[in-house]
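Chemist: Input: one structure, supplied below.
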Amino acid sequence: LLPLLPPAGCQYDACRALRGSEAGPGWEFYACQPPAANMKEVMQIRVDPPGITCGNPPERFCTLENPYLCSDECDASSPDLSHPPQLMGDRERGGLVTYWQTVTWSRFPEPLLANVTLSWNKSLEVVDDLVVTFEYGRPTSMVLEKSLDKGLSWQPYQYYADDCLEVFGMSPKRVSDLAPTNLTRVICTEQYSRWVGAKEQRAVVFEVRARLAVLAGPKLINMDALWTRMETMKGLRDFFTFTNLRLRLLRPALGGTYVQRDNLLKYFYAISNIDVPARCKCNLHAAQCVLRDATLQCDCDHNTSGQDCQRCSPGFQSRSWKPGSYLPLLKGTANTCEVEESTTNCECNGHSNRCSYIDFINVITCVSCKHNTRGQNCQYCRLGYYRNASVSLQDEDACVECECDAEGSASPHCSEAGLCQCKQGATGRRCDSCLPEYTWRGGVAGCAVKQCDGERLLCQNGGTCEDFQRCVCPESFSGSFCEQKVCLKKTGCLDNTEGSASVMTSQLYLLTLSFSISLAAC
């Protein structure tokens with residue numbers, strides 16, 4: 001398969017690019033779509049009616065080319081002889097062809113009818129020919145149907161018959177008969193139903209490439225014309241869109257003759273492969289399609305969301321959603337969803353009614369938070385304020401001023417609990433009081449260490465403590481605690497005072513100690 005890919009420069013494979021400007025770097029958005037792939041790898045297959053698959057009970061069958069050699073057997077209980085539905089989508093390995101097969105037409109003239117439903121649970125856009133490979137002969141008549149609503153309703157995609165007029169009442173046509181004005185017409189073709197031998201012709205095709213060639217030329221060179229028509233021709237994009245496909249098999253291959261009732265074991269349906277070249281439909285809002293929880297999902301851009309990027313993301317609904325556009329050519333138009341500036345979509349906890357979208361980091365943020373709040377959703381308090389836990393975040397008084405004391409605190413900012421950062425010696429929530437061993441000094445100092453007080457650090461020799469900072473000494477004493485004797489000219493230093501007595505007592509103690517040591521030595 002050759003997937004349909006536009007020429008280089010017009011692939012719509014990128015949703016955005018970073019561009020520089022005078023205001024700084026920013027995103028430039030483009031229309032974009034995922035690459036094409038063979039969607040048989042992720043399709044779900046269902047066949048009906050129940051019991052239409054051969055092998056239960058085991059059954060013999062023969063082929064149209066060897067109608068009397070009926071030695072082949074279908075047996076659901078044997079891995080080598082069973083033909084379950086999943087073999088329509090498997091990969092053929094080592095040259096061994098595997099296929100799904102129905103029961104034989106043993107109940108003729110009752111119609112042998114079978115439905116094969118292919119499901120993706122996701123909108124896809126077919127980009128190349130759908131090919132169904134039949135073993136042992138293509139059906140004499142069948143219908144290819146599609147659903148746009150995940151199987152709730154169906155519409156024909158194409159009719160196939162060896163005689164279109166007799167079977168469906170339609171004149172046979174080829175895709176080459178179509179013109180740009182009726183390119184989406186549902187036709188009946190006889191090209192894939194007439195008997196030419198089971199081995200020579202096995203494929204039934206839904207010709208997508210030929211329809212696109214009507215617009216883009218035989219070799220799909222003029223892709224500009226195709227992209228333009230995709231935008232301007234009503235219903236064209238929907239024609240190539242589906243969520244499910246269904247094969248309605250109405251009459252098996254007959255080998256170019258009428259039904260031979262004496263040998264009904266040669267009439268059945270068998271499909272070995274189904275190729276579905278398509279891409280995820282993302283409305284030109286995604287460049288990738290991923291498999292999440294076994295379900296295809298567009299990896300949406302342009303502020304869109306949904307499995308097909310079919311709606312605006314929450315908070316980006318200031319204008320109605322629109323799909324992207326292939327025009328202007330090369331880059332297209334992204335039609336991005338824009339941020340909605342309203343109280344209903346701005347989640348600002350009641351402190352702002354405006355939001356802004358910062359495209360460089362892809363974030364919605366509240367603008368001009370009030371009531372001393374800040375943050376993307378006005379959920380934090382401004383510096384210098386703390387969260388008032390007694391009221392809700394939506395309350396106007398949710399943030400309370402720290403009121404840190406300018407002299408006792410090291411910073412005007414407080415913690416989330418409202419505690420200010422105190423200087424040494426200061427204490428309290430606002431740092432407006434001192435620890436017991438400190439005294440308030442004010443100014444830059446704040447709290448200063450107490451040098452003296454009336455309980456711990458007594459001033460000696462009759463001194464008094466002034467403002468917890470210094471001892472005021474009598475005239476004859478000095479020092480930090482009035483512990484030093486001052487010799488005056490009037491009185492000299494011979495006064496019988498506490499100080500001199502203390503000195504004499506110390507000298508007598510030393511003499512006594514020396515005498516005791518001498519006696520011990522003897």
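Every chain in the structure tokens takes a letter, A first, then B, and so on in the order presented; its residues are numbered from 1, and the ligands are numbered from 1 following the presented order.
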Go through segment 130-302 of chain A and collect every residue that DSSP, computed from the backbone, puts in strand (DSSP E or B); the answer should be as a ChimeraX atom specification.
Modeler: /A:130-134,141-147,155-161,172,188-189,203-206,241-251,270-275,277-280,285-292,295-300
Chemist: Can you list, as JSON, numbers by chain, every protein, DNA or RNA residue that comes within 10 Å of Asp467 of chain A when you count only C-alpha atoms, leaving out same-chain residues fewer than 2 positions away?
Modeler: {"A": [439, 440, 441, 450, 451, 452, 453, 464, 465, 469, 470, 471]}
Chemist: At most 10 Å is the cut-off: for each residue in segment 149-181 of chain A with any atom that close to an atom of segment 110-134 of chain A, write down the nearest atom pair and the distance in Å rounded to one decimal, counting only C-alpha atoms, chain first then increasing number, as JSON lines.
Modeler:
{"residue": "A:Asp149", "atom": "CA", "partner": "A:Ser123", "partner_atom": "CA", "distance": 8.5}
{"residue": "A:Lys150", "atom": "CA", "partner": "A:Asn121", "partner_atom": "CA", "distance": 5.8}
{"residue": "A:Gly151", "atom": "CA", "partner": "A:Ser119", "partner_atom": "CA", "distance": 8.1}
Chemist: Figure out the distance between atom CA of Asn38 of chain A and atom CA of Gly197 of chain A, please, to one decimal in Å.
Modeler: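 It comes out at 27.9 Å.
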Chemist: I'd like the neighbourhood of Cys346 of chain A as a list of chain:residue names, where a residue qualifies if any of its atoms comes within 12 Å (using only C-alpha atoms), though same-chain residues fewer than 6 positions away should be ignored.
Modeler: A:Pro314, A:Gly315, A:Phe316, A:Gln317, A:Ser318, A:Val339, A:Glu340, A:Ser352, A:Asn353, A:Arg354, A:Cys355, A:Ser356, A:Tyr357, A:Ile364, A:Thr365, A:Cys366, A:Val367, A:Cys369, A:Gln376, A:Asn377, A:Cys378
Chemist: Tell me, as a list in words, which residues lie within 8 Å of segment 71-84 of chain A, counting only C-alpha atoms; anything in the same chain fewer than 6 positions away does not count.
Modeler: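 Here the qualifying residues turn out to be Thr53, Cys54, Gly55, Asn56, Pro57, Pro58, Glu59, Arg60, Phe61, Cys62, Thr98, Tyr99, Trp100 and Gln101 of chain A.
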Chemist: May I have the selected residues written with C-alpha atoms, as a PDB file, in the first residue's frame?
Modeler:
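After the write, again.pdb holds the following:
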ATOM      1  CA  THR A  53     -18.375 -19.285  10.945  1.00  0.00           C
ATOM      2  CA  CYS A  54     -17.591 -22.846   9.873  1.00  0.00           C
ATOM      3  CA  GLY A  55     -16.301 -25.596  12.136  1.00  0.00           C
ATOM      4  CA  ASN A  56     -19.015 -26.079  14.744  1.00  0.00           C
ATOM      5  CA  PRO A  57     -19.951 -28.779  13.938  1.00  0.00           C
ATOM      6  CA  PRO A  58     -17.025 -29.821  11.714  1.00  0.00           C
ATOM      7  CA  GLU A  59     -17.845 -29.653   7.996  1.00  0.00           C
ATOM      8  CA  ARG A  60     -16.283 -30.748   4.705  1.00  0.00           C
ATOM      9  CA  PHE A  61     -15.948 -28.326   1.809  1.00  0.00           C
ATOM     10  CA  CYS A  62     -14.515 -28.183  -1.707  1.00  0.00           C
ATOM     11  CA  THR A  98      -4.850 -17.914   6.942  1.00  0.00           C
ATOM     12  CA  TYR A  99      -8.472 -16.929   6.482  1.00  0.00           C
ATOM     13  CA  TRP A 100     -11.924 -16.705   7.998  1.00  0.00           C
ATOM     14  CA  GLN A 101     -14.500 -19.009   6.419  1.00  0.00           C
TER      15      GLN A 101
END
Chemist: Write out as a list in words each polymer residue whose atoms come within 12 Å of Glu28 of chain A, counting only C-alpha atoms; drop sequence neighbours fewer than 3 positions from it.
Modeler: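 Answer for this query is Ala14, Cys15, Arg16, Ala17, Leu18, Arg19, Gly20, Ser21, Pro25, Ala31, His302, Lys331, Gly332, Thr333, Ala334, Asn335, Thr336, Asp359 and Phe360 of chain A.
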Chemist: Given only C-alpha atoms, how would the per-residue table for segment 13-116 of chain A near segment 274-278 of chain A read, listing every residue at most 10 Å away with its closest atom pair and distance in Å to one decimal, sorted by chain and number, as JSON lines?
Modeler:
{"residue": "A:Pro34", "atom": "CA", "partner": "A:Ala278", "partner_atom": "CA", "distance": 9.8}
{"residue": "A:Pro35", "atom": "CA", "partner": "A:Ala278", "partner_atom": "CA", "distance": 8.6}
{"residue": "A:Ala36", "atom": "CA", "partner": "A:Ala278", "partner_atom": "CA", "distance": 5.3}
{"residue": "A:Ala37", "atom": "CA", "partner": "A:Pro277", "partner_atom": "CA", "distance": 5.6}
{"residue": "A:Asn38", "atom": "CA", "partner": "A:Pro277", "partner_atom": "CA", "distance": 4.4}
{"residue": "A:Met39", "atom": "CA", "partner": "A:Val276", "partner_atom": "CA", "distance": 5.2}
{"residue": "A:Lys40", "atom": "CA", "partner": "A:Val276", "partner_atom": "CA", "distance": 5.7}
{"residue": "A:Glu41", "atom": "CA", "partner": "A:Val276", "partner_atom": "CA", "distance": 9.0}
{"residue": "A:Met43", "atom": "CA", "partner": "A:Val276", "partner_atom": "CA", "distance": 9.2}
{"residue": "A:Leu87", "atom": "CA", "partner": "A:Ile274", "partner_atom": "CA", "distance": 9.7}
{"residue": "A:Met88", "atom": "CA", "partner": "A:Ile274", "partner_atom": "CA", "distance": 6.1}
{"residue": "A:Gly89", "atom": "CA", "partner": "A:Ile274", "partner_atom": "CA", "distance": 6.1}
{"residue": "A:Asp90", "atom": "CA", "partner": "A:Ile274", "partner_atom": "CA", "distance": 9.0}
Chemist: Taking into account only C-alpha atoms, which residue in the set A:Ile358, A:Cys431, A:Cys188, A:Val400 is nearest to Glu166 of chain A?
Modeler: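 Nearest candidate to Glu166 of chain A out of A:Ile358, A:Cys431, A:Cys188, A:Val400: A:Cys188.
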Chemist: Report, in Å to a single decimal, how far apart atom CA of Met142 of chain A and atom CA of Trp105 of chain A are.
Modeler: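 For atom CA of Trp105 of chain A relative to atom CA of Met142 of chain A, the distance reads 16.1 Å.
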Chemist: With distances taken over only C-alpha atoms, which residue among A:His285, A:Arg211, A:His413, A:Arg382 lies nearest Asp308 of chain A?
Modeler: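 Going through A:His285, A:Arg211, A:His413, A:Arg382 one by one, the smallest distance to Asp308 of chain A is for A:His285.
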Chemist: As an exercise, work out the distance from atom CA of Ala398 of chain A to atom CA of Glu347 of chain A in Å and give it to one decimal place.
Modeler: 16.0 Å
Chemist: So which residues of segment 62-300 of chain A fall under alpha helix (DSSP H) by DSSP, listed as a PDB file with N, CA and C atoms, in the first residue's frame?
Modeler:
ATOM      1  N   CYS A 164     -25.399  -5.334 -11.782  1.00  0.00           N
ATOM      2  CA  CYS A 164     -25.889  -4.276 -10.886  1.00  0.00           C
ATOM      3  C   CYS A 164     -27.368  -3.973 -11.109  1.00  0.00           C
ATOM      4  N   LEU A 165     -27.768  -3.979 -12.367  1.00  0.00           N
ATOM      5  CA  LEU A 165     -29.156  -3.638 -12.667  1.00  0.00           C
ATOM      6  C   LEU A 165     -30.111  -4.689 -12.123  1.00  0.00           C
ATOM      7  N   GLU A 166     -29.736  -5.957 -12.260  1.00  0.00           N
ATOM      8  CA  GLU A 166     -30.604  -7.024 -11.791  1.00  0.00           C
ATOM      9  C   GLU A 166     -30.630  -7.114 -10.275  1.00  0.00           C
ATOM     10  N   VAL A 167     -29.471  -6.986  -9.628  1.00  0.00           N
ATOM     11  CA  VAL A 167     -29.384  -7.193  -8.177  1.00  0.00           C
ATOM     12  C   VAL A 167     -29.831  -5.959  -7.398  1.00  0.00           C
ATOM     13  N   PHE A 168     -29.366  -4.777  -7.790  1.00  0.00           N
ATOM     14  CA  PHE A 168     -29.634  -3.566  -7.022  1.00  0.00           C
ATOM     15  C   PHE A 168     -30.473  -2.524  -7.766  1.00  0.00           C
ATOM     16  N   VAL A 208     -10.456   4.529  -3.413  1.00  0.00           N
ATOM     17  CA  VAL A 208     -10.306   5.861  -2.835  1.00  0.00           C
ATOM     18  C   VAL A 208      -9.336   6.694  -3.671  1.00  0.00           C
ATOM     19  N   ARG A 209      -8.226   6.085  -4.046  1.00  0.00           N
ATOM     20  CA  ARG A 209      -7.198   6.819  -4.800  1.00  0.00           C
ATOM     21  C   ARG A 209      -7.756   7.338  -6.122  1.00  0.00           C
ATOM     22  N   ALA A 210      -8.583   6.548  -6.782  1.00  0.00           N
ATOM     23  CA  ALA A 210      -9.151   6.988  -8.060  1.00  0.00           C
ATOM     24  C   ALA A 210     -10.094   8.170  -7.867  1.00  0.00           C
ATOM     25  N   ARG A 211     -10.830   8.190  -6.767  1.00  0.00           N
ATOM     26  CA  ARG A 211     -11.705   9.335  -6.498  1.00  0.00           C
ATOM     27  C   ARG A 211     -10.893  10.591  -6.219  1.00  0.00           C
ATOM     28  N   LEU A 212      -9.828  10.454  -5.431  1.00  0.00           N
ATOM     29  CA  LEU A 212      -8.979  11.611  -5.154  1.00  0.00           C
ATOM     30  C   LEU A 212      -8.275  12.109  -6.417  1.00  0.00           C
ATOM     31  N   ALA A 213      -7.969  11.164  -7.326  1.00  0.00           N
ATOM     32  CA  ALA A 213      -7.302  11.546  -8.571  1.00  0.00           C
ATOM     33  C   ALA A 213      -8.186  12.418  -9.455  1.00  0.00           C
ATOM     34  N   VAL A 214      -9.504  12.322  -9.271  1.00  0.00           N
ATOM     35  CA  VAL A 214     -10.409  13.196 -10.024  1.00  0.00           C
ATOM     36  C   VAL A 214     -10.108  14.659  -9.710  1.00  0.00           C
ATOM     37  N   LEU A 215      -9.661  14.927  -8.494  1.00  0.00           N
ATOM     38  CA  LEU A 215      -9.353  16.295  -8.083  1.00  0.00           C
ATOM     39  C   LEU A 215      -7.872  16.630  -8.180  1.00  0.00           C
ATOM     40  N   ALA A 216      -7.011  15.672  -7.889  1.00  0.00           N
ATOM     41  CA  ALA A 216      -5.574  15.953  -7.796  1.00  0.00           C
ATOM     42  C   ALA A 216      -4.775  15.456  -8.994  1.00  0.00           C
ATOM     43  N   MET A 223      -1.911  18.363  -5.311  1.00  0.00           N
ATOM     44  CA  MET A 223      -2.536  18.245  -3.995  1.00  0.00           C
ATOM     45  C   MET A 223      -3.172  19.550  -3.545  1.00  0.00           C
ATOM     46  N   ASP A 224      -2.676  20.682  -4.043  1.00  0.00           N
ATOM     47  CA  ASP A 224      -3.275  21.961  -3.674  1.00  0.00           C
ATOM     48  C   ASP A 224      -4.757  21.990  -4.038  1.00  0.00           C
ATOM     49  N   ALA A 225      -5.073  21.452  -5.210  1.00  0.00           N
ATOM     50  CA  ALA A 225      -6.470  21.418  -5.638  1.00  0.00           C
ATOM     51  C   ALA A 225      -7.296  20.525  -4.719  1.00  0.00           C
ATOM     52  N   LEU A 226      -6.691  19.404  -4.253  1.00  0.00           N
ATOM     53  CA  LEU A 226      -7.415  18.499  -3.367  1.00  0.00           C
ATOM     54  C   LEU A 226      -7.690  19.164  -2.028  1.00  0.00           C
ATOM     55  N   TRP A 227      -6.659  19.785  -1.424  1.00  0.00           N
ATOM     56  CA  TRP A 227      -6.862  20.434  -0.129  1.00  0.00           C
ATOM     57  C   TRP A 227      -7.890  21.552  -0.237  1.00  0.00           C
ATOM     58  N   THR A 228      -7.842  22.285  -1.339  1.00  0.00           N
ATOM     59  CA  THR A 228      -8.811  23.370  -1.529  1.00  0.00           C
ATOM     60  C   THR A 228     -10.228  22.827  -1.625  1.00  0.00           C
ATOM     61  N   ARG A 229     -10.411  21.736  -2.382  1.00  0.00           N
ATOM     62  CA  ARG A 229     -11.741  21.132  -2.505  1.00  0.00           C
ATOM     63  C   ARG A 229     -12.210  20.551  -1.175  1.00  0.00           C
ATOM     64  N   MET A 230     -11.286  20.041  -0.379  1.00  0.00           N
ATOM     65  CA  MET A 230     -11.667  19.522   0.926  1.00  0.00           C
ATOM     66  C   MET A 230     -12.339  20.603   1.775  1.00  0.00           C
ATOM     67  N   GLU A 231     -11.925  21.850   1.578  1.00  0.00           N
ATOM     68  CA  GLU A 231     -12.503  22.958   2.335  1.00  0.00           C
ATOM     69  C   GLU A 231     -13.771  23.513   1.702  1.00  0.00           C
ATOM     70  N   THR A 232     -13.824  23.534   0.381  1.00  0.00           N
ATOM     71  CA  THR A 232     -14.902  24.247  -0.301  1.00  0.00           C
ATOM     72  C   THR A 232     -16.038  23.354  -0.780  1.00  0.00           C
ATOM     73  N   LEU A 236     -17.440  16.615   1.252  1.00  0.00           N
ATOM     74  CA  LEU A 236     -16.313  15.813   0.760  1.00  0.00           C
ATOM     75  C   LEU A 236     -15.538  15.174   1.908  1.00  0.00           C
ATOM     76  N   ARG A 237     -15.247  15.951   2.941  1.00  0.00           N
ATOM     77  CA  ARG A 237     -14.501  15.390   4.070  1.00  0.00           C
ATOM     78  C   ARG A 237     -15.308  14.317   4.792  1.00  0.00           C
ATOM     79  N   ASP A 238     -16.610  14.529   4.907  1.00  0.00           N
ATOM     80  CA  ASP A 238     -17.450  13.528   5.562  1.00  0.00           C
ATOM     81  C   ASP A 238     -17.539  12.242   4.743  1.00  0.00           C
ATOM     82  N   PHE A 239     -17.440  12.357   3.426  1.00  0.00           N
ATOM     83  CA  PHE A 239     -17.537  11.160   2.582  1.00  0.00           C
ATOM     84  C   PHE A 239     -16.404  10.185   2.894  1.00  0.00           C
TER      85      PHE A 239
END
Chemist: Got a sec: who's within 9 Å of His371 of chain A, counting only C-alpha atoms, leaving out chain neighbours fewer than 4 positions off, as a list in words?
Modeler: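 Contacts, with the query itself left out: His351, Cys381, Asp395, Glu396, Asp397, Ala398 and Cys399 of chain A.
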Chemist: Taking 2 positions as the minimum chain separation for residues in the same chain, which residues sit within 6 Å of Asp13 of chain A when counting only C-alpha atoms? Answer as a list in words.
Modeler: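 Residues meeting the cut-off are Gln11, Cys32, Gln33 and Ala287 of chain A.
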Chemist: Would you write out those residues with all heavy atoms, as a PDB file, in the first residue's frame?
Modeler:
ATOM      1  N   GLN A  11       2.333  19.007   4.343  1.00  0.00           N
ATOM      2  CA  GLN A  11       1.905  17.754   4.955  1.00  0.00           C
ATOM      3  C   GLN A  11       1.004  17.957   6.168  1.00  0.00           C
ATOM      4  O   GLN A  11       0.440  17.006   6.667  1.00  0.00           O
ATOM      5  CB  GLN A  11       3.128  16.926   5.357  1.00  0.00           C
ATOM      6  CG  GLN A  11       3.944  16.470   4.172  1.00  0.00           C
ATOM      7  CD  GLN A  11       5.063  15.515   4.571  1.00  0.00           C
ATOM      8  OE1 GLN A  11       5.153  15.114   5.713  1.00  0.00           O
ATOM      9  NE2 GLN A  11       5.911  15.168   3.629  1.00  0.00           N
ATOM     10  N   CYS A  32      -3.138  20.728  11.475  1.00  0.00           N
ATOM     11  CA  CYS A  32      -2.280  19.544  11.543  1.00  0.00           C
ATOM     12  C   CYS A  32      -3.136  18.282  11.571  1.00  0.00           C
ATOM     13  O   CYS A  32      -4.297  18.302  11.975  1.00  0.00           O
ATOM     14  CB  CYS A  32      -1.375  19.600  12.779  1.00  0.00           C
ATOM     15  SG  CYS A  32      -2.277  19.906  14.327  1.00  0.00           S
ATOM     16  N   GLN A  33      -2.544  17.168  11.138  1.00  0.00           N
ATOM     17  CA  GLN A  33      -3.255  15.889  11.137  1.00  0.00           C
ATOM     18  C   GLN A  33      -2.252  14.746  11.326  1.00  0.00           C
ATOM     19  O   GLN A  33      -1.089  14.860  10.959  1.00  0.00           O
ATOM     20  CB  GLN A  33      -4.039  15.708   9.840  1.00  0.00           C
ATOM     21  CG  GLN A  33      -3.197  15.766   8.577  1.00  0.00           C
ATOM     22  CD  GLN A  33      -4.051  15.788   7.320  1.00  0.00           C
ATOM     23  OE1 GLN A  33      -5.268  15.786   7.382  1.00  0.00           O
ATOM     24  NE2 GLN A  33      -3.409  15.803   6.173  1.00  0.00           N
ATOM     25  N   ALA A 287      -1.485  16.253  15.661  1.00  0.00           N
ATOM     26  CA  ALA A 287      -0.500  15.656  14.760  1.00  0.00           C
ATOM     27  C   ALA A 287      -0.198  14.215  15.117  1.00  0.00           C
ATOM     28  O   ALA A 287       0.541  13.545  14.405  1.00  0.00           O
ATOM     29  CB  ALA A 287       0.799  16.473  14.792  1.00  0.00           C
TER      30      ALA A 287
END
Chemist: So, with only C-alpha atoms as the atoms that count, which of A:Gln201, A:Gln424, A:Gln260, A:Asn461 lies closest to Tyr136 of chain A?
Modeler: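 Among the listed residues, A:Gln201 lies closest to Tyr136 of chain A.
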Chemist: Measuring between only C-alpha atoms, which one of A:Thr427, A:Phe29, A:Gly256, A:Gln379 shows the shortest distance to Cys337 of chain A?
Modeler: A:Phe29
